[in-house]
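J.: Structure in structure tokens, see below.
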Amino acid sequence: KNQVEQSPQSLIILEGKNCTLQCNYTVSPFSNLRWYKQDTGRGPVSLTIMTFSENTKSNGRYTATLDADTKQSSLHITASQLSDSASYICVVAPNTGTASKLTFGTGTRLQVTL
Amino acid sequence: DSGVTQTPKHLITATGQRVTLRCSPRSGDLSVYWYQQSLDQGLQFLIQYYNGEERAKGNILERFSAQQFPDLHSELNLSSLELGDSALYFCASSRGPTGSYEQYFGPGTRLTVT
């Protein structure tokens, strides 16, 4: 069964600090891996999308890495801001022809405090 | 703003009732996805339409149905509502039918069943 597991479940950090969120997946074959940011009660917003051949992708203070051999990805947030407080969701897309269902992780809830 | 619109924003109804949620995809997008997110839960894929045809089905209950119209907007119909159906319902759209295409999420409809 395709699964995406994220850790930690929740995280509290001080403003200005860095943090790294983890994602392990079992989806195979694999098309791409995405990281979304979801503010409470809002729709998810895409941060990065990586294919299996990409190792890293950045979007401002967000940097995602991917190791397709170990089926692991991480999202690194640099110099955190209060506005980074949100849930971060790892999503994996299968590469099975016409299949379109994504496998969602349950997310890491990040709280940035003063 | 993702370009995906959903109405209504909030909906409060009683058990046993029927409601319709509406989604307009981004201009040019042919795929529409529906997701359910219960409190503190991950996103659950319900169903996908591509250019008017049902493309993929997820964990959608028999009490729920959806369709995509010729103008590409989509409606999700929920009937015989139960307390457990209270959730955020998100619509997402993408250009193509498979998981390799980026999905853009709408702001969601919050459904409360009392």
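Note on naming: chains are A, B, ... as they come in the structure tokens, residues start from 1 per chain, ligands start from 1 in the order shown.
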Pick out the chain B residues within 12 Å of chain A. Count only C-alpha atoms. Give them as a PyMOL selection string.
T.: chain B and resi 1-6+9-10+31-50+54-59+87-94+96-111
J.: Would you please work out which residue, of A:Thr48, A:Ser58, A:Asn2, A:Gln111, is nearest to Ala86 (chain A) when using only C-alpha atoms?
T.: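 Of the candidates, the smallest distance to Ala86 (chain A) is held by A:Gln111.
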J.: Expressed in Å to a single decimal, how great is the separation between CA of Ile12 (chain A) and CA of Asn59 (chain A)?
T.: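 Here the two named atoms are 21.7 Å from each other.
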